[in-house]
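final-v7.cif, holding mmCIF, C-alpha atoms and all ligand atoms:
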```cif
data_work
#
loop_
_atom_site.label_atom_id
_atom_site.label_comp_id
_atom_site.auth_asym_id
_atom_site.auth_seq_id
_atom_site.Cartn_x
_atom_site.Cartn_y
_atom_site.Cartn_z
CA MET A 1121 0.00 0.00 0.00
CA GLU A 1122 1.21 3.55 -0.80
CA ASN A 1123 1.97 5.80 2.16
CA LEU A 1124 -0.61 8.58 1.99
CA SER A 1125 -2.10 10.55 4.86
CA ALA A 1126 -3.55 13.48 2.88
CA ARG A 1127 -7.29 14.18 2.87
CA LEU A 1128 -8.34 14.30 -0.78
CA ALA A 1129 -11.21 15.69 -2.84
CA ILE A 1130 -11.91 15.45 -6.57
CA ASN A 1131 -13.64 18.13 -8.64
CA GLY A 1132 -15.07 16.64 -11.87
CA MET A 1133 -16.11 12.98 -11.82
CA GLY A 1134 -15.62 12.25 -15.52
CA ARG A 1135 -13.20 9.70 -17.01
CA ILE A 1136 -10.19 10.82 -14.97
CA GLY A 1137 -12.08 11.52 -11.72
CA ARG A 1138 -13.76 8.10 -11.74
CA THR A 1139 -10.59 6.28 -12.81
CA LEU A 1140 -8.80 7.87 -9.86
CA VAL A 1141 -11.53 6.62 -7.48
CA ARG A 1142 -10.98 3.08 -8.81
CA LEU A 1143 -7.23 3.41 -8.37
CA LEU A 1144 -7.53 4.73 -4.80
CA HIS A 1145 -9.79 1.78 -4.00
CA GLN A 1146 -7.43 -0.73 -5.63
CA LYS A 1147 -4.47 0.67 -3.63
CA GLY A 1148 -6.34 0.55 -0.30
CA LEU A 1149 -6.51 4.35 -0.14
CA ILE A 1150 -10.22 5.00 -0.53
CA LYS A 1151 -10.37 6.30 3.07
CA ASN A 1152 -8.21 9.24 1.97
CA LEU A 1153 -10.99 10.39 -0.36
CA ILE A 1154 -13.24 12.71 1.65
CA ALA A 1155 -15.44 14.40 -0.96
CA VAL A 1156 -16.12 14.60 -4.69
CA ASN A 1157 -17.94 17.20 -6.76
CA ASP A 1158 -19.62 17.15 -10.18
CA ILE A 1159 -22.77 18.56 -11.71
CA MET A 1160 -24.48 15.21 -12.45
CA SER A 1161 -27.04 13.65 -10.08
CA LYS A 1162 -25.78 11.40 -7.28
CA GLU A 1163 -27.72 8.49 -8.78
CA ASN A 1164 -25.96 8.96 -12.11
CA LEU A 1165 -22.53 9.21 -10.49
CA ILE A 1166 -23.02 6.00 -8.50
CA TYR A 1167 -24.22 4.26 -11.67
CA LEU A 1168 -21.18 5.43 -13.69
CA LEU A 1169 -18.80 4.46 -10.90
CA LYS A 1170 -20.37 1.02 -10.66
CA TYR A 1171 -20.59 0.21 -14.38
CA ASP A 1172 -17.73 1.30 -16.61
CA SER A 1173 -17.48 0.31 -20.27
CA ILE A 1174 -13.66 0.23 -20.15
CA ARG A 1175 -12.85 -0.90 -16.60
CA GLY A 1176 -15.79 -3.25 -15.94
CA THR A 1177 -17.97 -3.41 -12.81
CA PHE A 1178 -16.61 -1.77 -9.64
CA PRO A 1179 -15.14 -4.53 -7.47
CA CYS A 1180 -17.34 -3.78 -4.41
CA GLU A 1181 -20.70 -2.30 -3.50
CA ILE A 1182 -21.21 1.47 -3.77
CA ILE A 1183 -24.01 2.36 -1.35
CA PRO A 1184 -25.91 5.71 -1.39
CA THR A 1185 -25.84 7.59 1.94
CA PRO A 1186 -27.63 10.82 2.95
CA ASN A 1187 -24.47 12.86 2.26
CA GLY A 1188 -23.06 10.95 -0.68
CA PHE A 1189 -22.12 7.30 -1.00
CA SER A 1190 -19.99 4.74 0.75
CA ILE A 1191 -17.31 2.38 -0.51
CA ASP A 1192 -15.93 -0.27 1.85
CA ASP A 1193 -17.85 1.30 4.79
CA HIS A 1194 -16.20 4.68 4.12
CA GLU A 1195 -18.55 7.58 3.38
CA ILE A 1196 -17.54 9.99 0.61
CA PHE A 1197 -19.40 13.30 0.55
CA TYR A 1198 -21.00 14.19 -2.77
CA LEU A 1199 -21.34 17.89 -3.61
CA GLN A 1200 -23.12 19.25 -6.66
CA GLN A 1201 -21.67 22.70 -7.17
CA ASN A 1202 -21.04 24.41 -10.46
CA GLU A 1203 -18.78 27.09 -8.99
CA ILE A 1204 -15.51 26.35 -7.22
CA LYS A 1205 -15.99 29.22 -4.83
CA ASN A 1206 -19.03 27.44 -3.34
CA LEU A 1207 -17.05 24.31 -2.49
CA PRO A 1208 -16.61 23.94 1.28
CA TRP A 1209 -13.08 22.50 1.31
CA LYS A 1210 -12.27 24.27 4.54
CA ASN A 1211 -15.02 22.37 6.42
CA PHE A 1212 -13.56 19.08 5.19
CA SER A 1213 -9.89 20.01 5.94
CA ILE A 1214 -8.89 19.05 2.40
CA ASP A 1215 -5.12 18.76 1.88
CA ALA A 1216 -5.22 18.23 -1.90
CA ILE A 1217 -7.98 18.77 -4.43
CA ILE A 1218 -7.66 17.01 -7.77
CA GLU A 1219 -9.13 19.44 -10.32
CA ALA A 1220 -10.47 17.03 -12.97
CA THR A 1221 -13.15 19.04 -14.78
CA GLY A 1222 -10.63 20.18 -17.40
CA LEU A 1223 -12.19 23.65 -17.10
CA PHE A 1224 -10.21 25.53 -14.44
CA THR A 1225 -6.63 25.32 -15.62
CA HIS A 1226 -5.57 28.97 -15.34
CA SER A 1227 -4.07 29.85 -11.94
CA SER A 1228 -6.70 32.57 -11.48
CA GLU A 1229 -9.43 29.88 -11.74
CA ALA A 1230 -7.71 26.98 -9.95
CA SER A 1231 -6.73 29.22 -7.03
CA HIS A 1232 -10.42 29.46 -6.06
CA HIS A 1233 -9.93 25.98 -4.56
CA LEU A 1234 -7.28 27.50 -2.27
CA THR A 1235 -9.62 30.33 -1.32
CA SER A 1236 -12.26 27.68 -0.58
CA GLY A 1237 -9.88 26.10 1.91
CA ALA A 1238 -7.97 23.36 0.06
CA LYS A 1239 -4.25 23.41 0.88
CA ARG A 1240 -3.11 22.35 -2.59
CA VAL A 1241 -4.50 21.89 -6.09
CA LEU A 1242 -3.38 19.15 -8.47
CA LEU A 1243 -4.57 19.89 -12.03
CA THR A 1244 -5.15 17.00 -14.44
CA THR A 1245 -3.72 18.60 -17.56
CA PHE A 1246 -1.32 21.38 -18.46
CA SER A 1247 -2.18 24.91 -17.43
CA LYS A 1248 -2.43 28.10 -19.45
CA ASP A 1249 0.03 29.86 -17.12
CA ILE A 1250 1.65 27.38 -14.70
CA PRO A 1251 4.78 25.55 -15.92
CA THR A 1252 4.25 21.81 -16.33
CA LYS A 1253 6.13 19.39 -14.11
CA VAL A 1254 6.34 15.73 -15.09
CA ILE A 1255 6.94 12.74 -12.83
CA GLY A 1256 10.30 11.23 -13.77
CA VAL A 1257 11.53 14.42 -15.48
CA ASN A 1258 11.36 17.57 -13.36
CA GLN A 1259 8.97 16.99 -10.45
CA ALA A 1260 11.65 17.68 -7.84
CA GLN A 1261 11.56 21.40 -8.73
CA ILE A 1262 8.08 21.94 -7.35
CA LYS A 1263 7.77 20.69 -3.80
CA GLU A 1264 6.46 23.99 -2.37
CA ALA A 1265 4.01 24.98 -5.15
CA LEU A 1266 0.33 25.32 -4.21
CA ILE A 1267 -1.03 24.57 -7.70
CA ILE A 1268 0.63 21.74 -9.61
CA SER A 1269 0.29 21.38 -13.33
CA PRO A 1270 1.28 17.77 -14.11
CA GLY A 1271 0.69 17.86 -17.89
CA ASP A 1272 -1.69 15.52 -19.69
CA CYS A 1273 -1.34 11.84 -20.61
CA THR A 1274 0.57 12.63 -23.82
CA ILE A 1275 3.10 14.88 -22.10
CA ASN A 1276 3.60 12.18 -19.46
CA CYS A 1277 4.17 9.60 -22.19
CA VAL A 1278 6.66 11.52 -24.32
CA ALA A 1279 8.56 13.76 -21.86
CA PRO A 1280 10.34 10.93 -19.95
CA ILE A 1281 11.43 9.41 -23.28
CA ILE A 1282 12.75 12.72 -24.67
CA HIS A 1283 14.49 13.30 -21.33
CA LEU A 1284 16.19 9.89 -21.45
CA MET A 1285 17.36 10.36 -25.06
CA LYS A 1286 18.54 13.91 -24.35
CA GLU A 1287 20.59 12.84 -21.32
CA ASN A 1288 22.25 9.97 -23.20
CA PHE A 1289 22.69 11.10 -26.82
CA GLY A 1290 21.61 14.75 -27.08
CA VAL A 1291 18.50 15.66 -29.12
CA ASP A 1292 18.34 18.05 -32.11
CA SER A 1293 14.60 17.86 -32.84
CA VAL A 1294 11.42 15.94 -32.01
CA HIS A 1295 8.19 15.19 -33.87
CA VAL A 1296 5.31 13.56 -32.00
CA ASN A 1297 2.13 12.04 -33.43
CA VAL A 1298 -0.18 10.69 -30.75
CA ILE A 1299 -2.64 8.13 -32.05
CA GLN A 1300 -5.32 8.04 -29.39
CA GLY A 1301 -8.84 6.84 -28.70
CA TYR A 1302 -11.59 9.46 -28.62
CA THR A 1303 -12.45 11.49 -25.52
CA THR A 1304 -15.38 13.57 -24.30
CA ARG A 1305 -13.80 16.57 -26.02
CA GLN A 1306 -14.96 15.20 -29.38
CA GLU A 1307 -18.45 14.74 -30.82
CA LEU A 1308 -20.40 11.52 -31.27
CA ILE A 1309 -22.17 12.78 -34.41
CA ASP A 1310 -21.01 15.59 -36.75
CA LYS A 1311 -21.48 18.97 -35.06
CA PRO A 1312 -20.08 22.51 -35.35
CA TYR A 1313 -16.83 22.86 -33.38
CA LYS A 1314 -14.21 25.58 -33.40
CA GLY A 1315 -11.48 23.07 -34.31
CA LEU A 1316 -13.40 21.86 -37.38
CA ARG A 1317 -12.18 18.24 -37.50
CA ARG A 1318 -12.77 17.77 -33.76
CA GLY A 1319 -16.50 18.15 -34.41
CA ARG A 1320 -16.64 15.09 -36.69
CA ALA A 1321 -18.20 11.83 -35.51
CA ALA A 1322 -15.54 10.35 -33.22
CA ALA A 1323 -16.34 6.66 -33.72
CA HIS A 1324 -16.52 6.91 -37.50
CA SER A 1325 -13.23 8.34 -38.71
CA ILE A 1326 -9.51 8.66 -38.21
CA ILE A 1327 -9.37 12.33 -37.18
CA PRO A 1328 -6.11 14.30 -37.29
CA PHE A 1329 -5.98 17.47 -35.26
CA GLU A 1330 -3.60 19.94 -33.71
CA VAL A 1331 -2.63 19.49 -30.07
CA ASN A 1332 -1.05 22.21 -28.04
CA ILE A 1333 1.74 20.21 -26.44
CA LYS A 1334 4.57 21.89 -28.37
CA PRO A 1335 4.87 24.94 -26.06
CA VAL A 1336 4.53 22.70 -23.00
CA LEU A 1337 7.36 20.43 -24.14
CA GLU A 1338 9.47 23.47 -25.11
CA ASN A 1339 9.00 24.81 -21.62
CA ILE A 1340 10.15 21.52 -20.10
CA PHE A 1341 13.08 21.30 -22.57
CA PRO A 1342 14.04 24.96 -23.27
CA GLU A 1343 17.03 23.89 -25.39
CA LEU A 1344 14.52 22.40 -27.89
CA GLN A 1345 12.76 25.73 -28.54
CA ASP A 1346 11.35 25.69 -32.13
CA LYS A 1347 12.61 22.14 -32.56
CA ILE A 1348 9.46 20.29 -31.53
CA GLU A 1349 6.32 19.57 -33.59
CA SER A 1350 3.26 17.61 -32.57
CA MET A 1351 -0.13 16.43 -33.74
CA SER A 1352 -2.80 14.04 -32.57
CA THR A 1353 -4.64 11.42 -34.58
CA ARG A 1354 -7.86 10.33 -32.92
CA VAL A 1355 -9.05 6.85 -33.85
CA PRO A 1356 -12.34 4.99 -33.23
CA VAL A 1357 -11.42 3.20 -29.99
CA PRO A 1358 -12.72 4.39 -26.58
CA CYS A 1359 -9.39 4.18 -24.73
CA GLY A 1360 -5.72 3.40 -25.34
CA ALA A 1361 -3.04 5.26 -27.29
CA ILE A 1362 0.29 4.94 -29.05
CA ALA A 1363 2.63 7.89 -29.58
CA GLY A 1364 5.00 7.94 -32.55
CA ILE A 1365 8.08 9.83 -31.30
CA SER A 1366 10.63 10.73 -33.99
CA LEU A 1367 13.88 12.23 -32.78
CA VAL A 1368 16.99 13.50 -34.51
CA LEU A 1369 19.81 12.70 -32.09
CA LYS A 1370 23.21 14.32 -31.80
CA LYS A 1371 24.90 10.90 -32.09
CA SER A 1372 24.44 7.86 -34.34
CA VAL A 1373 22.79 4.96 -32.51
CA ASN A 1374 21.43 1.52 -33.28
CA THR A 1375 18.20 -0.24 -32.33
CA GLN A 1376 19.84 -2.48 -29.75
CA THR A 1377 21.46 0.46 -27.93
CA ILE A 1378 18.15 2.30 -27.74
CA ASN A 1379 16.08 -0.65 -26.53
CA SER A 1380 18.76 -1.54 -23.96
CA LEU A 1381 18.72 2.03 -22.68
CA ILE A 1382 14.93 1.90 -22.28
CA GLU A 1383 15.23 -1.45 -20.46
CA LYS A 1384 17.83 0.02 -18.13
CA GLY A 1385 15.79 3.19 -17.46
CA SER A 1386 12.69 1.09 -16.73
CA ARG A 1387 14.58 -0.71 -13.97
CA ALA A 1388 16.29 2.38 -12.55
CA GLU A 1389 15.41 6.10 -12.51
CA LEU A 1390 12.24 5.66 -14.61
CA LYS A 1391 10.97 2.53 -12.83
CA ASN A 1392 7.14 2.35 -12.87
CA ILE A 1393 7.05 5.25 -15.35
CA ILE A 1394 8.42 3.75 -18.57
CA ASP A 1395 8.54 0.12 -19.71
CA ILE A 1396 9.38 -1.84 -22.85
CA THR A 1397 7.61 -4.81 -24.43
CA TYR A 1398 8.75 -7.07 -27.26
CA ASP A 1399 5.30 -8.69 -27.58
CA PRO A 1400 3.26 -7.83 -30.70
CA ILE A 1401 0.55 -6.01 -28.72
CA VAL A 1402 -2.42 -3.92 -29.94
CA SER A 1403 -4.15 -1.06 -28.14
CA THR A 1404 -6.55 -3.28 -26.13
CA ASP A 1405 -3.53 -4.95 -24.53
CA ILE A 1406 -2.30 -1.69 -22.98
CA LEU A 1407 -5.54 -1.07 -21.04
CA ASN A 1408 -5.01 -1.09 -17.25
CA ASN A 1409 -1.26 -0.69 -17.70
CA SER A 1410 0.03 1.72 -15.04
CA HIS A 1411 3.09 3.06 -16.92
CA SER A 1412 3.14 6.48 -18.58
CA SER A 1413 4.88 4.98 -21.59
CA THR A 1414 5.53 1.42 -22.81
CA ILE A 1415 7.95 1.34 -25.72
CA ASP A 1416 7.14 -1.23 -28.39
CA GLY A 1417 10.63 -2.69 -28.81
CA GLN A 1418 9.78 -4.42 -32.10
CA LEU A 1419 8.86 -1.05 -33.62
CA THR A 1420 12.01 0.86 -32.62
CA LYS A 1421 13.65 1.97 -35.88
CA VAL A 1422 16.92 3.77 -36.45
CA THR A 1423 18.65 5.28 -39.46
CA SER A 1424 21.91 6.78 -38.23
CA GLN A 1425 20.90 9.73 -36.00
CA HIS A 1426 17.19 9.50 -36.79
CA LEU A 1427 15.24 7.46 -34.22
CA ARG A 1428 11.55 6.49 -34.34
CA LEU A 1429 10.01 5.10 -31.15
CA MET A 1430 6.43 3.91 -30.64
CA ALA A 1431 5.14 4.31 -27.08
CA TRP A 1432 1.90 2.72 -25.84
CA PHE A 1433 -0.13 4.13 -22.97
CA ASP A 1434 -3.51 3.80 -21.30
CA ASN A 1435 -4.47 7.47 -21.39
CA GLU A 1436 -6.74 7.08 -18.33
CA TRP A 1437 -5.23 4.42 -16.09
CA GLY A 1438 -1.56 5.29 -16.68
CA TYR A 1439 -2.32 8.95 -16.08
CA ALA A 1440 -4.36 8.29 -12.91
CA ASN A 1441 -1.33 6.39 -11.60
CA ARG A 1442 0.83 9.48 -12.14
CA LEU A 1443 -1.72 11.62 -10.29
CA LEU A 1444 -1.41 9.21 -7.38
CA ASP A 1445 2.39 9.42 -7.61
CA TRP A 1446 2.02 13.21 -7.29
CA LEU A 1447 -0.22 12.90 -4.23
CA VAL A 1448 2.28 10.57 -2.57
CA PHE A 1449 5.23 12.80 -3.56
CA LEU A 1450 3.56 15.96 -2.20
CA ASN A 1451 2.60 14.12 1.00
CA LYS A 1452 6.22 13.32 1.93
N1 LIG B 1501 -9.62 11.31 -20.67
C1 LIG B 1501 -8.30 11.19 -20.74
O1 LIG B 1501 -7.77 10.25 -21.35
C2 LIG B 1501 -7.41 12.18 -20.06
C3 LIG B 1501 -6.08 11.83 -19.80
C4 LIG B 1501 -5.25 12.74 -19.14
C5 LIG B 1501 -5.74 13.99 -18.79
N2 LIG B 1501 -7.03 14.30 -19.09
C6 LIG B 1501 -7.49 15.63 -18.68
O2 LIG B 1501 -8.30 15.47 -17.52
C7 LIG B 1501 -9.33 16.48 -17.53
C8 LIG B 1501 -10.67 15.77 -17.43
O3 LIG B 1501 -10.80 14.94 -18.57
P1 LIG B 1501 -11.92 13.80 -18.63
O4 LIG B 1501 -11.63 13.00 -19.85
O5 LIG B 1501 -12.05 13.13 -17.32
O6 LIG B 1501 -13.20 14.71 -18.92
P2 LIG B 1501 -14.72 14.38 -18.64
O7 LIG B 1501 -14.95 12.92 -18.73
O8 LIG B 1501 -15.51 15.29 -19.53
O9 LIG B 1501 -14.92 14.82 -17.10
C9 LIG B 1501 -15.14 16.12 -16.65
C10 LIG B 1501 -16.29 16.07 -15.64
O10 LIG B 1501 -16.44 17.33 -15.00
C11 LIG B 1501 -17.84 17.66 -15.03
N3 LIG B 1501 -18.04 19.11 -14.92
C12 LIG B 1501 -18.27 20.01 -15.90
N4 LIG B 1501 -18.42 21.25 -15.38
C13 LIG B 1501 -18.25 21.12 -14.04
C14 LIG B 1501 -18.26 22.04 -12.96
N5 LIG B 1501 -18.46 23.35 -13.15
N6 LIG B 1501 -18.03 21.57 -11.71
C15 LIG B 1501 -17.83 20.24 -11.49
N7 LIG B 1501 -17.81 19.32 -12.48
C16 LIG B 1501 -18.02 19.75 -13.74
C17 LIG B 1501 -18.29 17.11 -16.35
O11 LIG B 1501 -19.70 17.07 -16.43
P3 LIG B 1501 -20.39 17.15 -17.92
O12 LIG B 1501 -19.97 15.90 -18.62
O13 LIG B 1501 -21.83 17.23 -17.61
O14 LIG B 1501 -19.85 18.41 -18.55
C18 LIG B 1501 -17.63 15.74 -16.30
O15 LIG B 1501 -18.37 14.82 -15.53
C19 LIG B 1501 -9.13 17.27 -18.82
O16 LIG B 1501 -8.36 18.41 -18.55
C20 LIG B 1501 -8.35 16.32 -19.71
O17 LIG B 1501 -7.55 16.99 -20.66
C21 LIG B 1501 -7.89 13.42 -19.69
#
```
Is it possible to give me this structure as structure tokens?
Amino acid sequence: MENLSARLAINGMGRIGRTLVRLLHQKGLIKNLIAVNDIMSKENLIYLLKYDSIRGTFPCEIIPTPNGFSIDDHEIFYLQQNEIKNLPWKNFSIDAIIEATGLFTHSSEASHHLTSGAKRVLLTTFSKDIPTKVIGVNQAQIKEALIISPGDCTINCVAPIIHLMKENFGVDSVHVNVIQGYTTRQELIDKPYKGLRRGRAAAHSIIPFEVNIKPVLENIFPELQDKIESMSTRVPVPCGAIAGISLVLKKSVNTQTINSLIEKGSRAELKNIIDITYDPIVSTDILNNSHSSTIDGQLTKVTSQHLRLMAWFDNEWGYANRLLDWLVFLNK
């Protein structure tokens, strides 16, 4: 069991919020979860926690209580507030709030949780104005911060790999294409959307669109300013992803050297964060994998200084595991 004494709350009980509840339960930490907030009805939340199309049925009873619901005889308060400033974190002595609506990512918005009495805020994506810190790359720089911006699942997949290559061979440039299942930020049926392609029916097409991870990665790796490009390709699966990471290195390498380096990193400084498989897996096989990034060793390709890596990740479960790593790290 992880060592965690913090009193936790989650704002936004969507894919990431509910996945985190499952993870806390699996790790024997559900008693740390004091309250959750969303705008859906309590009945609907309990239903979605219990039955999940990706993760299956919740492994124990979830029982409604007057104030919320209970899991393993532990009552979790359910609040239904639209506005952060109405959330009573002070009354609950909340140490860390996980902000998982995806809506309040600017410090001016997220800081309302602090005003409401939470001691710290852990975002679940990158922020518009708070530098991103990534577990396994630069998390040590942030111990005292009150609002933590841990990046999204893609940043957490690619940043440790870029970091490892940079430390060992030097990196001249990086191109990333993340091939990922659809999320709630796409449409089920064609609809107007400001990013035009994002409004196309998610389960019907391969949908390329821009992602804004370039400035985030450039901030993490300032020496790669203007040397990073990225895009996302959304595909008709509900979860699971593979990132194509192409790097121009400062030294010539070969496939064996690269895969050996990943193997070594996965046993040492990047243990539990990166992994490598030589099995011929497909996206279903990565579901419920807790790593940020699992390199497909069979797909590692090298021509002199040009390296192409393919990195699998479960965009929900792997990411929820990093959020838990943050909570444990901040609790020390
Ligand atoms: N899904 C992934 O694979 C993934 C991976 C890593 C990071 N992230 C990031 O995590 C964040 C959440 O993503 P998600 O996929 O979990 O999204 P999601 O499934 O849409 O969950 C967001 C939840 O917050 C609720 N909500 C909306 N407005 C609210 C308010 N004012 N107060 C409280 N709750 C409110 C939403 O309700 P409605 O549905 O009614 O609006 C929904 O239940 C995003 O920033 C995303 O980029 C997602």
Box time for ligand LIG 1501 (chain B): axis-aligned, enclosing all its listed atoms, 5 Å extra on each side; report centre and edge lengths in Å to one decimal, as JSON.
```
{"center_x": -13.5, "center_y": 16.8, "center_z": -16.4, "size_x": 26.6, "size_y": 23.1, "size_z": 19.9}
```
Practice task
Go through A:Ser1236, A:Asn1258, A:Thr1177, A:Asn1441 one by one, measure the shortest atom-to-atom distance of each to ligand LIG 1501 (chain B) using all atoms listed in the file, and give the residue with the smallest value.
Solution key: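 Smallest distance to ligand LIG 1501 (chain B) is found for A:Asn1441.
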Exercise for the section: Tell me, in Å to one decimal, how far atom CA of Gln1201 of chain A is from atom CA of Pro1270 of chain A. Expected result: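 Pair atom CA of Gln1201 of chain A / atom CA of Pro1270 of chain A returns 24.5 Å.
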Between chain A and ligand LIG 1501 (chain B), at 8 Å or less, what are the per-residue closest atom pairs and their distances in Å? Count all atoms listed in the file, order by chain and rising residue number, and return it as a tab-separated table.
```
residue	atom	partner	partner_atom	distance
A:Asn1131	CA	B:LIG1501	C15	5.5
A:Gly1132	CA	B:LIG1501	O10	3.5
A:Met1133	CA	B:LIG1501	O15	4.7
A:Gly1134	CA	B:LIG1501	O9	3.1
A:Arg1135	CA	B:LIG1501	O5	3.6
A:Ile1136	CA	B:LIG1501	O5	3.8
A:Gly1137	CA	B:LIG1501	O5	5.8
A:Arg1138	CA	B:LIG1501	O5	7.7
A:Asn1157	CA	B:LIG1501	C15	5.6
A:Asp1158	CA	B:LIG1501	N7	3.6
A:Ile1159	CA	B:LIG1501	N7	5.1
A:Met1160	CA	B:LIG1501	O13	6.1
A:Gln1200	CA	B:LIG1501	C15	7.2
A:Gln1201	CA	B:LIG1501	N6	5.9
A:Asn1202	CA	B:LIG1501	N5	3.9
A:Glu1203	CA	B:LIG1501	N5	5.6
A:Ile1204	CA	B:LIG1501	N6	7.0
A:Glu1219	CA	B:LIG1501	C7	7.8
A:Ala1220	CA	B:LIG1501	C8	4.6
A:Thr1221	CA	B:LIG1501	O10	3.7
A:Gly1222	CA	B:LIG1501	O16	3.1
A:Leu1223	CA	B:LIG1501	O16	6.7
A:Thr1225	CA	B:LIG1501	O16	7.7
A:Leu1243	CA	B:LIG1501	O16	7.7
A:Thr1244	CA	B:LIG1501	O2	4.7
A:Thr1245	CA	B:LIG1501	O16	4.7
A:Phe1246	CA	B:LIG1501	O16	7.6
A:Gly1271	CA	B:LIG1501	C5	7.6
A:Asp1272	CA	B:LIG1501	C5	4.4
A:Cys1273	CA	B:LIG1501	C4	4.3
A:Thr1274	CA	B:LIG1501	C4	7.5
A:Thr1303	CA	B:LIG1501	N1	5.6
A:Thr1304	CA	B:LIG1501	O8	5.1
A:Arg1305	CA	B:LIG1501	O8	6.8
A:Cys1359	CA	B:LIG1501	O1	7.1
A:Asp1434	CA	B:LIG1501	O1	7.7
A:Asn1435	CA	B:LIG1501	O1	4.3
A:Glu1436	CA	B:LIG1501	O1	4.5
A:Tyr1439	CA	B:LIG1501	C4	5.7
A:Ala1440	CA	B:LIG1501	C4	7.7
```
Given the selection you just returned, output its residues as a file containing C-alpha atoms, formatted as a CSV table (one decimal), in the coordinates of the input.
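The result, written out as result-v7.csv:
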```
chain,number,residue,atom,x,y,z
A,1131,ASN,CA,-13.6,18.1,-8.6
A,1132,GLY,CA,-15.1,16.6,-11.9
A,1133,MET,CA,-16.1,13.0,-11.8
A,1134,GLY,CA,-15.6,12.2,-15.5
A,1135,ARG,CA,-13.2,9.7,-17.0
A,1136,ILE,CA,-10.2,10.8,-15.0
A,1137,GLY,CA,-12.1,11.5,-11.7
A,1138,ARG,CA,-13.8,8.1,-11.7
A,1157,ASN,CA,-17.9,17.2,-6.8
A,1158,ASP,CA,-19.6,17.2,-10.2
A,1159,ILE,CA,-22.8,18.6,-11.7
A,1160,MET,CA,-24.5,15.2,-12.4
A,1200,GLN,CA,-23.1,19.2,-6.7
A,1201,GLN,CA,-21.7,22.7,-7.2
A,1202,ASN,CA,-21.0,24.4,-10.5
A,1203,GLU,CA,-18.8,27.1,-9.0
A,1204,ILE,CA,-15.5,26.4,-7.2
A,1219,GLU,CA,-9.1,19.4,-10.3
A,1220,ALA,CA,-10.5,17.0,-13.0
A,1221,THR,CA,-13.2,19.0,-14.8
A,1222,GLY,CA,-10.6,20.2,-17.4
A,1223,LEU,CA,-12.2,23.6,-17.1
A,1225,THR,CA,-6.6,25.3,-15.6
A,1243,LEU,CA,-4.6,19.9,-12.0
A,1244,THR,CA,-5.2,17.0,-14.4
A,1245,THR,CA,-3.7,18.6,-17.6
A,1246,PHE,CA,-1.3,21.4,-18.5
A,1271,GLY,CA,0.7,17.9,-17.9
A,1272,ASP,CA,-1.7,15.5,-19.7
A,1273,CYS,CA,-1.3,11.8,-20.6
A,1274,THR,CA,0.6,12.6,-23.8
A,1303,THR,CA,-12.4,11.5,-25.5
A,1304,THR,CA,-15.4,13.6,-24.3
A,1305,ARG,CA,-13.8,16.6,-26.0
A,1359,CYS,CA,-9.4,4.2,-24.7
A,1434,ASP,CA,-3.5,3.8,-21.3
A,1435,ASN,CA,-4.5,7.5,-21.4
A,1436,GLU,CA,-6.7,7.1,-18.3
A,1439,TYR,CA,-2.3,9.0,-16.1
A,1440,ALA,CA,-4.4,8.3,-12.9
```
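Comparing A:Val1298, A:Leu1444, A:Met1285, A:Ile1182 by their smallest distance to Asn1379 of chain A, the closest is A:Met1285 (using all atoms listed in the file).
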Practice task
List the residues sitting within 12 Å of (-11.4, 23.7, 3.9) in the file's frame, using all atoms listed in the file, as a list in words.
Solution key: Arg1127, Leu1128, Ala1129, Ile1154, Ala1155, Lys1205, Asn1206, Leu1207, Pro1208, Trp1209, Lys1210, Asn1211, Phe1212, Ser1213, Ile1214, Asp1215, Ala1216, Ile1217, His1232, His1233, Leu1234, Thr1235, Ser1236, Gly1237, Ala1238, Lys1239 and Arg1240 of chain A
Handout entry: segment 1382-1397 of chain A environment, 6 Å, all atoms listed in the file, sequence neighbours closer than 3 positions dropped, as a ChimeraX atom specification
Key = /A:1256,1379,1411-1417
